[in-house]
>>> print(open('data33.cif').read())   # mmCIF, C-alpha atoms; chains and numbers go by the auth columns
data_model
#
loop_
_atom_site.group_PDB
_atom_site.id
_atom_site.type_symbol
_atom_site.label_atom_id
_atom_site.label_comp_id
_atom_site.label_asym_id
_atom_site.label_seq_id
_atom_site.Cartn_x
_atom_site.Cartn_y
_atom_site.Cartn_z
_atom_site.B_iso_or_equiv
_atom_site.auth_seq_id
_atom_site.auth_asym_id
ATOM 1 C CA MET A 1 7.404 75.716 -109.623 0.00 1 A
ATOM 2 C CA GLU A 2 6.304 72.087 -109.799 0.00 2 A
ATOM 3 C CA SER A 3 8.866 69.348 -109.531 0.00 3 A
ATOM 4 C CA LYS A 4 9.326 65.595 -109.643 0.00 4 A
ATOM 5 C CA GLY A 5 11.527 63.862 -107.140 0.00 5 A
ATOM 6 C CA GLY A 6 10.897 65.856 -103.974 0.00 6 A
ATOM 7 C CA ASN A 7 13.375 68.376 -102.636 0.00 7 A
ATOM 8 C CA VAL A 8 16.064 67.977 -105.289 0.00 8 A
ATOM 9 C CA PRO A 9 18.577 70.830 -105.644 0.00 9 A
ATOM 10 C CA PRO A 10 17.684 72.893 -108.746 0.00 10 A
ATOM 11 C CA ALA A 11 21.259 72.670 -110.036 0.00 11 A
ATOM 12 C CA THR A 12 20.783 68.926 -110.558 0.00 12 A
ATOM 13 C CA CYS A 13 17.437 69.183 -112.375 0.00 13 A
ATOM 14 C CA ILE A 14 16.086 69.848 -115.833 0.00 14 A
ATOM 15 C CA THR A 15 13.598 72.720 -115.984 0.00 15 A
ATOM 16 C CA ILE A 16 10.844 72.219 -118.556 0.00 16 A
ATOM 17 C CA CYS A 17 8.948 75.314 -119.641 0.00 17 A
ATOM 18 C CA ARG A 18 5.915 75.621 -121.890 0.00 18 A
ATOM 19 C CA ILE A 19 6.428 78.472 -124.354 0.00 19 A
ATOM 20 C CA GLY A 20 2.912 79.358 -125.390 0.00 20 A
ATOM 21 C CA PRO A 21 0.057 76.896 -124.836 0.00 21 A
ATOM 22 C CA VAL A 22 1.178 73.259 -124.597 0.00 22 A
ATOM 23 C CA ASP A 23 -0.894 70.373 -123.269 0.00 23 A
ATOM 24 C CA PRO A 24 0.286 69.569 -119.701 0.00 24 A
ATOM 25 C CA VAL A 25 -0.007 65.852 -120.554 0.00 25 A
ATOM 26 C CA ILE A 26 2.894 66.299 -122.994 0.00 26 A
ATOM 27 C CA VAL A 27 5.020 67.959 -120.334 0.00 27 A
ATOM 28 C CA GLU A 28 4.226 65.253 -117.770 0.00 28 A
ATOM 29 C CA HIS A 29 5.161 62.521 -120.239 0.00 29 A
ATOM 30 C CA LEU A 30 8.364 64.309 -121.155 0.00 30 A
ATOM 31 C CA SER A 31 9.315 64.786 -117.529 0.00 31 A
ATOM 32 C CA ASN A 32 8.890 61.056 -116.853 0.00 32 A
ATOM 33 C CA CYS A 33 10.917 60.118 -119.945 0.00 33 A
ATOM 34 C CA ILE A 34 13.805 62.420 -119.057 0.00 34 A
ATOM 35 C CA THR A 35 13.913 61.011 -115.534 0.00 35 A
ATOM 36 C CA TYR A 36 13.889 57.431 -116.843 0.00 36 A
ATOM 37 C CA THR A 37 16.352 57.887 -119.725 0.00 37 A
ATOM 38 C CA CYS A 38 18.727 60.457 -118.240 0.00 38 A
ATOM 39 C CA GLY A 39 18.448 59.806 -114.509 0.00 39 A
ATOM 40 C CA LEU A 40 17.595 63.460 -113.900 0.00 40 A
ATOM 41 C CA ASN A 41 14.648 64.935 -112.057 0.00 41 A
ATOM 42 C CA CYS A 42 12.555 67.634 -113.695 0.00 42 A
ATOM 43 C CA HIS A 43 10.963 70.897 -112.634 0.00 43 A
ATOM 44 C CA VAL A 44 8.063 72.342 -114.600 0.00 44 A
ATOM 45 C CA CYS A 45 8.099 76.123 -114.397 0.00 45 A
ATOM 46 C CA HIS A 46 5.438 78.691 -115.208 0.00 46 A
ATOM 47 C CA GLN A 47 4.396 79.009 -118.834 0.00 47 A
ATOM 48 C CA MET A 48 5.995 81.709 -120.965 0.00 48 A
ATOM 49 C CA ASP A 49 4.087 83.675 -123.593 0.00 49 A
ATOM 50 C CA THR A 50 4.039 82.673 -127.258 0.00 50 A
ATOM 51 C CA PRO A 51 7.325 84.076 -128.686 0.00 51 A
ATOM 52 C CA LEU A 52 5.827 86.688 -130.985 0.00 52 A
ATOM 53 C CA TYR A 53 9.188 88.492 -131.037 0.00 53 A
ATOM 54 C CA ALA A 54 10.583 85.571 -133.099 0.00 54 A
ATOM 55 C CA PHE A 55 7.796 85.419 -135.695 0.00 55 A
ATOM 56 C CA ASP A 56 8.919 85.856 -139.302 0.00 56 A
ATOM 57 C CA GLU A 57 6.147 87.361 -141.434 0.00 57 A
ATOM 58 C CA ASN A 58 7.603 86.077 -144.702 0.00 58 A
ATOM 59 C CA ARG A 59 8.057 82.497 -143.571 0.00 59 A
ATOM 60 C CA ARG A 60 5.058 82.371 -141.208 0.00 60 A
ATOM 61 C CA GLN A 61 7.318 80.527 -138.775 0.00 61 A
ATOM 62 C CA TYR A 62 9.267 81.309 -135.621 0.00 62 A
ATOM 63 C CA ASP A 63 13.033 81.800 -135.579 0.00 63 A
ATOM 64 C CA SER A 64 14.378 79.216 -133.151 0.00 64 A
ATOM 65 C CA LYS A 65 17.708 81.039 -132.820 0.00 65 A
ATOM 66 C CA GLN A 66 15.938 84.155 -131.556 0.00 66 A
ATOM 67 C CA ILE A 67 13.965 82.113 -129.036 0.00 67 A
ATOM 68 C CA LEU A 68 17.101 80.333 -127.857 0.00 68 A
ATOM 69 C CA LYS A 69 18.910 83.677 -127.504 0.00 69 A
ATOM 70 C CA HIS A 70 15.983 84.960 -125.434 0.00 70 A
ATOM 71 C CA LEU A 71 16.136 81.906 -123.158 0.00 71 A
ATOM 72 C CA ILE A 72 19.904 82.165 -122.750 0.00 72 A
ATOM 73 C CA GLY A 73 19.499 85.788 -121.646 0.00 73 A
ATOM 74 C CA ARG A 74 17.341 84.762 -118.685 0.00 74 A
ATOM 75 C CA HIS A 75 18.612 83.332 -115.400 0.00 75 A
ATOM 76 C CA HIS A 76 17.834 79.645 -114.895 0.00 76 A
ATOM 77 C CA PRO A 77 18.952 78.067 -111.604 0.00 77 A
ATOM 78 C CA SER A 78 18.709 74.547 -113.050 0.00 78 A
ATOM 79 C CA LEU A 79 21.239 72.290 -114.772 0.00 79 A
ATOM 80 C CA LYS A 80 19.467 72.563 -118.141 0.00 80 A
ATOM 81 C CA PHE A 81 16.445 74.516 -119.386 0.00 81 A
ATOM 82 C CA LEU A 82 14.187 72.925 -122.001 0.00 82 A
ATOM 83 C CA GLY A 83 11.507 75.007 -123.702 0.00 83 A
ATOM 84 C CA ILE A 84 8.639 73.255 -125.450 0.00 84 A
ATOM 85 C CA THR A 85 6.338 75.019 -127.885 0.00 85 A
ATOM 86 C CA GLN A 86 3.740 74.172 -130.497 0.00 86 A
ATOM 87 C CA VAL A 87 4.776 76.904 -132.948 0.00 87 A
ATOM 88 C CA ASP A 88 6.648 75.929 -136.126 0.00 88 A
ATOM 89 C CA LEU A 89 10.400 76.567 -135.791 0.00 89 A
ATOM 90 C CA PHE A 90 13.097 77.314 -138.344 0.00 90 A
ATOM 91 C CA VAL A 91 16.700 78.400 -138.630 0.00 91 A
ATOM 92 C CA PRO A 92 17.633 80.698 -141.526 0.00 92 A
ATOM 93 C CA ILE A 93 19.481 78.011 -143.504 0.00 93 A
ATOM 94 C CA LEU A 94 16.750 75.340 -143.147 0.00 94 A
ATOM 95 C CA LYS A 95 13.046 75.144 -143.946 0.00 95 A
ATOM 96 C CA TYR A 96 12.255 73.930 -140.434 0.00 96 A
ATOM 97 C CA VAL A 97 13.735 72.316 -137.343 0.00 97 A
ATOM 98 C CA PHE A 98 12.215 70.024 -134.731 0.00 98 A
ATOM 99 C CA GLY A 99 14.420 71.586 -132.069 0.00 99 A
ATOM 100 C CA LEU A 100 17.574 73.545 -131.345 0.00 100 A
ATOM 101 C CA ALA A 101 20.079 73.489 -128.500 0.00 101 A
ATOM 102 C CA GLN A 102 22.918 75.588 -127.200 0.00 102 A
ATOM 103 C CA VAL A 103 25.743 73.040 -127.583 0.00 103 A
ATOM 104 C CA GLN A 104 27.414 72.521 -124.202 0.00 104 A
ATOM 105 C CA GLY A 105 25.144 75.254 -122.918 0.00 105 A
ATOM 106 C CA GLN A 106 22.127 75.445 -120.690 0.00 106 A
ATOM 107 C CA CYS A 107 19.187 75.993 -123.022 0.00 107 A
ATOM 108 C CA ALA A 108 17.308 74.036 -125.665 0.00 108 A
ATOM 109 C CA ILE A 109 13.918 74.277 -127.347 0.00 109 A
ATOM 110 C CA ILE A 110 11.714 71.791 -129.192 0.00 110 A
ATOM 111 C CA SER A 111 8.530 72.184 -131.213 0.00 111 A
ATOM 112 C CA THR A 112 5.604 69.765 -131.297 0.00 112 A
ATOM 113 C CA CYS A 113 4.231 71.261 -134.537 0.00 113 A
ATOM 114 C CA ARG A 114 5.753 68.830 -137.056 0.00 114 A
ATOM 115 C CA LEU A 115 5.783 65.885 -134.647 0.00 115 A
ATOM 116 C CA ARG A 116 2.028 65.342 -134.863 0.00 116 A
ATOM 117 C CA PRO A 117 0.902 62.725 -137.434 0.00 117 A
ATOM 118 C CA GLU A 118 -1.944 65.093 -138.371 0.00 118 A
ATOM 119 C CA TYR A 119 0.636 67.534 -139.767 0.00 119 A
ATOM 120 C CA TYR A 120 1.340 64.973 -142.498 0.00 120 A
ATOM 121 C CA GLY A 121 -2.320 64.270 -143.209 0.00 121 A
ATOM 122 C CA ARG A 122 -2.468 61.132 -141.086 0.00 122 A
ATOM 123 C CA ALA A 123 -4.814 60.076 -138.315 0.00 123 A
ATOM 124 C CA PRO A 124 -3.949 61.183 -134.778 0.00 124 A
ATOM 125 C CA ASP A 125 -1.668 58.727 -132.973 0.00 125 A
ATOM 126 C CA PRO A 126 -1.007 59.933 -129.411 0.00 126 A
ATOM 127 C CA ALA A 127 1.553 57.209 -128.639 0.00 127 A
ATOM 128 C CA LEU A 128 3.599 57.953 -131.769 0.00 128 A
ATOM 129 C CA PHE A 129 3.372 61.683 -131.139 0.00 129 A
ATOM 130 C CA LEU A 130 4.627 61.392 -127.549 0.00 130 A
ATOM 131 C CA GLU A 131 7.463 59.115 -128.634 0.00 131 A
ATOM 132 C CA ARG A 132 8.542 61.727 -131.195 0.00 132 A
ATOM 133 C CA VAL A 133 8.445 64.436 -128.510 0.00 133 A
ATOM 134 C CA GLU A 134 10.561 62.274 -126.207 0.00 134 A
ATOM 135 C CA LYS A 135 13.176 61.533 -128.877 0.00 135 A
ATOM 136 C CA THR A 136 13.412 65.175 -129.928 0.00 136 A
ATOM 137 C CA ALA A 137 13.773 66.461 -126.378 0.00 137 A
ATOM 138 C CA ILE A 138 16.433 63.969 -125.320 0.00 138 A
ATOM 139 C CA HIS A 139 18.320 64.586 -128.573 0.00 139 A
ATOM 140 C CA GLU A 140 18.477 68.321 -127.824 0.00 140 A
ATOM 141 C CA LEU A 141 19.440 67.694 -124.181 0.00 141 A
ATOM 142 C CA GLY A 142 22.248 65.506 -125.506 0.00 142 A
ATOM 143 C CA HIS A 143 23.505 68.441 -127.573 0.00 143 A
ATOM 144 C CA SER A 144 23.291 70.704 -124.524 0.00 144 A
ATOM 145 C CA LEU A 145 25.657 68.287 -122.780 0.00 145 A
ATOM 146 C CA GLY A 146 28.086 68.427 -125.693 0.00 146 A
ATOM 147 C CA LEU A 147 27.085 65.332 -127.673 0.00 147 A
ATOM 148 C CA THR A 148 27.298 65.622 -131.459 0.00 148 A
ATOM 149 C CA HIS A 149 25.337 63.743 -134.114 0.00 149 A
ATOM 150 C CA CYS A 150 25.834 59.990 -134.149 0.00 150 A
ATOM 151 C CA ARG A 151 26.351 57.869 -137.283 0.00 151 A
ATOM 152 C CA ASP A 152 24.134 55.111 -135.886 0.00 152 A
ATOM 153 C CA ARG A 153 20.756 55.764 -137.534 0.00 153 A
ATOM 154 C CA ARG A 154 18.953 54.065 -134.626 0.00 154 A
ATOM 155 C CA CYS A 155 20.638 56.205 -131.955 0.00 155 A
ATOM 156 C CA ILE A 156 18.653 59.068 -130.480 0.00 156 A
ATOM 157 C CA MET A 157 21.596 61.368 -131.317 0.00 157 A
ATOM 158 C CA HIS A 158 21.377 60.663 -135.061 0.00 158 A
ATOM 159 C CA SER A 159 20.452 63.785 -137.039 0.00 159 A
ATOM 160 C CA ALA A 160 16.732 64.073 -137.847 0.00 160 A
ATOM 161 C CA THR A 161 16.048 66.217 -140.894 0.00 161 A
ATOM 162 C CA THR A 162 12.765 64.444 -141.689 0.00 162 A
ATOM 163 C CA ILE A 163 10.059 62.880 -139.564 0.00 163 A
ATOM 164 C CA GLU A 164 11.077 59.495 -140.985 0.00 164 A
ATOM 165 C CA ASP A 165 14.531 60.006 -139.441 0.00 165 A
ATOM 166 C CA THR A 166 12.873 60.598 -136.080 0.00 166 A
ATOM 167 C CA ASP A 167 10.664 57.522 -136.389 0.00 167 A
ATOM 168 C CA ARG A 168 13.618 55.324 -137.364 0.00 168 A
ATOM 169 C CA LYS A 169 15.528 56.168 -134.194 0.00 169 A
ATOM 170 C CA ARG A 170 15.172 54.293 -130.923 0.00 170 A
ATOM 171 C CA PRO A 171 14.168 56.384 -127.886 0.00 171 A
ATOM 172 C CA ARG A 172 17.591 55.891 -126.304 0.00 172 A
ATOM 173 C CA PHE A 173 21.307 56.415 -126.788 0.00 173 A
ATOM 174 C CA CYS A 174 23.536 53.892 -128.522 0.00 174 A
ATOM 175 C CA PRO A 175 26.198 52.421 -126.165 0.00 175 A
ATOM 176 C CA THR A 176 28.840 54.931 -127.272 0.00 176 A
ATOM 177 C CA CYS A 177 26.574 57.977 -126.866 0.00 177 A
ATOM 178 C CA GLN A 178 25.298 56.602 -123.557 0.00 178 A
ATOM 179 C CA GLU A 179 28.846 56.541 -122.205 0.00 179 A
ATOM 180 C CA LEU A 180 29.531 60.036 -123.555 0.00 180 A
ATOM 181 C CA PHE A 181 26.300 61.289 -121.991 0.00 181 A
ATOM 182 C CA ARG A 182 27.204 59.762 -118.614 0.00 182 A
ATOM 183 C CA TRP A 183 30.720 61.208 -118.804 0.00 183 A
ATOM 184 C CA GLN A 184 29.501 64.706 -119.704 0.00 184 A
ATOM 185 C CA LEU A 185 26.840 64.559 -117.002 0.00 185 A
ATOM 186 C CA ALA A 186 29.454 63.536 -114.445 0.00 186 A
ATOM 187 C CA GLN A 187 31.359 66.744 -115.192 0.00 187 A
ATOM 188 C CA CYS A 188 28.262 68.714 -114.161 0.00 188 A
ATOM 189 C CA VAL A 189 26.561 66.543 -111.556 0.00 189 A
ATOM 190 C CA PRO A 190 28.600 63.506 -110.434 0.00 190 A
ATOM 191 C CA GLU A 191 25.801 62.025 -108.304 0.00 191 A
ATOM 192 C CA ALA A 192 23.291 62.341 -111.166 0.00 192 A
ATOM 193 C CA ALA A 193 25.586 60.436 -113.546 0.00 193 A
ATOM 194 C CA ASP A 194 25.655 57.548 -111.062 0.00 194 A
ATOM 195 C CA SER A 195 21.862 57.190 -111.362 0.00 195 A
ATOM 196 C CA CYS A 196 21.768 57.482 -115.160 0.00 196 A
ATOM 197 C CA PRO A 197 20.478 54.160 -116.620 0.00 197 A
#
>>> encode(input="data33.cif", output="structure tokens")
Amino acid sequence: MESKGGNVPPATCITICRIGPVDPVIVEHLSNCITYTCGLNCHVCHQMDTPLYAFDENRRQYDSKQILKHLIGRHHPSLKFLGITQVDLFVPILKYVFGLAQVQGQCAIISTCRLRPEYYGRAPDPALFLERVEKTAIHELGHSLGLTHCRDRRCIMHSATTIEDTDRKRPRFCPTCQELFRWQLAQCVPEAADSCP
């Protein structure tokens, strides 16, 4: 298990796990962003297989609820567990989702599939892509700490049903959500909340 931040107790860290093939550069960027934005160190664990068990033949997509259920059923010695995959995710009532989290739970998952500009017929833009990954991941981690959707359209906790919603958001919490995030984090890891920007 790789980690950032030296010998940090696992219970105070975020574990990031590639589910299927994911470029390690994405994971490294995400780890740095989570540390900067949330004040939490990250572990990168061994890659899991592509979640074929969640593939829906009719939709040609992967059921994010099944993947999340699978992750919840495993033991994770970290504070939160974030899966990252490149497969296209959905929930039964929506055409697609960028990510899904267990609210006030341990696990969350995000997909890079619809975050790439190429998905929308545009030229590759690595900086924009990585910013979208960062926003999506921190949004789902916010849900895992109990935060709900924010009315501020620029806040990272605002609901993103389209890629334009994601692009409109800033890569950080609004002041209210920042305080809620710090408060929720303090309930889990008091010393980590003190280092949260």
>>> resolve_selection(input="data33.cif", expression="the PyMOL selection byres ((chain A and resi 63-78) around 10)", output="ChimeraX atom specification")
/A:9-16,19,42-43,51-56,59-62,79-83,87-92,96-102,105-111
>>> resolve_selection(input="data33.cif", expression="the PyMOL selection byres ((chain A and resi 158) around 12)", output="MDAnalysis selection string")
chainID A and resid 135:136 138:140 142:143 147:157 159:162 164:174 177
>>> atom_distance(input="data33.cif", atom1="atom CA of His46 of chain A", atom2="atom CA of Pro117 of chain A")
27.7 Å
>>> atom_distance(input="data33.cif", atom1="atom CA of Cys33 of chain A", atom2="atom CA of Glu131 of chain A")
9.4 Å
>>> closest_residue(input="data33.cif", among="A:Thr85, A:Asn32, A:Thr37, A:Gln47", to="Gln178 of chain A", atoms="only C-alpha atoms")
A:Thr37
>>> closest_residue(input="data33.cif", among="A:Leu145, A:Ser31, A:Ile163, A:Cys113", to="Ala186 of chain A", atoms="all atoms listed in the file")
A:Leu145
>>> axis_aligned_box(input="data33.cif", around="segment 38-52 of chain A", padding_each_side="4 Å", output="AutoDock Vina command-line options")
--center_x 11.4 --center_y 73.2 --center_z -121.5 --size_x 22.7 --size_y 34.9 --size_z 26.9
>>> atom_distance(input="data33.cif", atom1="atom CA of Arg122 of chain A", atom2="atom CA of Val22 of chain A")
20.8 Å
>>> closest_residue(input="data33.cif", among="A:Leu180, A:Asn41, A:Gln187, A:Gln86", to="Tyr119 of chain A", atoms="only C-alpha atoms")
A:Gln86
>>> closest_residue(input="data33.cif", among="A:Gly121, A:Thr176, A:Gln104, A:Leu30", to="Cys188 of chain A", atoms="all atoms listed in the file")
A:Gln104
>>> closest_residue(input="data33.cif", among="A:Val44, A:Asp125, A:Leu130, A:Asp49", to="Ile26 of chain A", atoms="all atoms listed in the file")
A:Leu130
>>> closest_residue(input="data33.cif", among="A:Arg18, A:Arg114, A:Arg182, A:Glu28", to="Lys95 of chain A", atoms="all atoms listed in the file")
A:Arg114
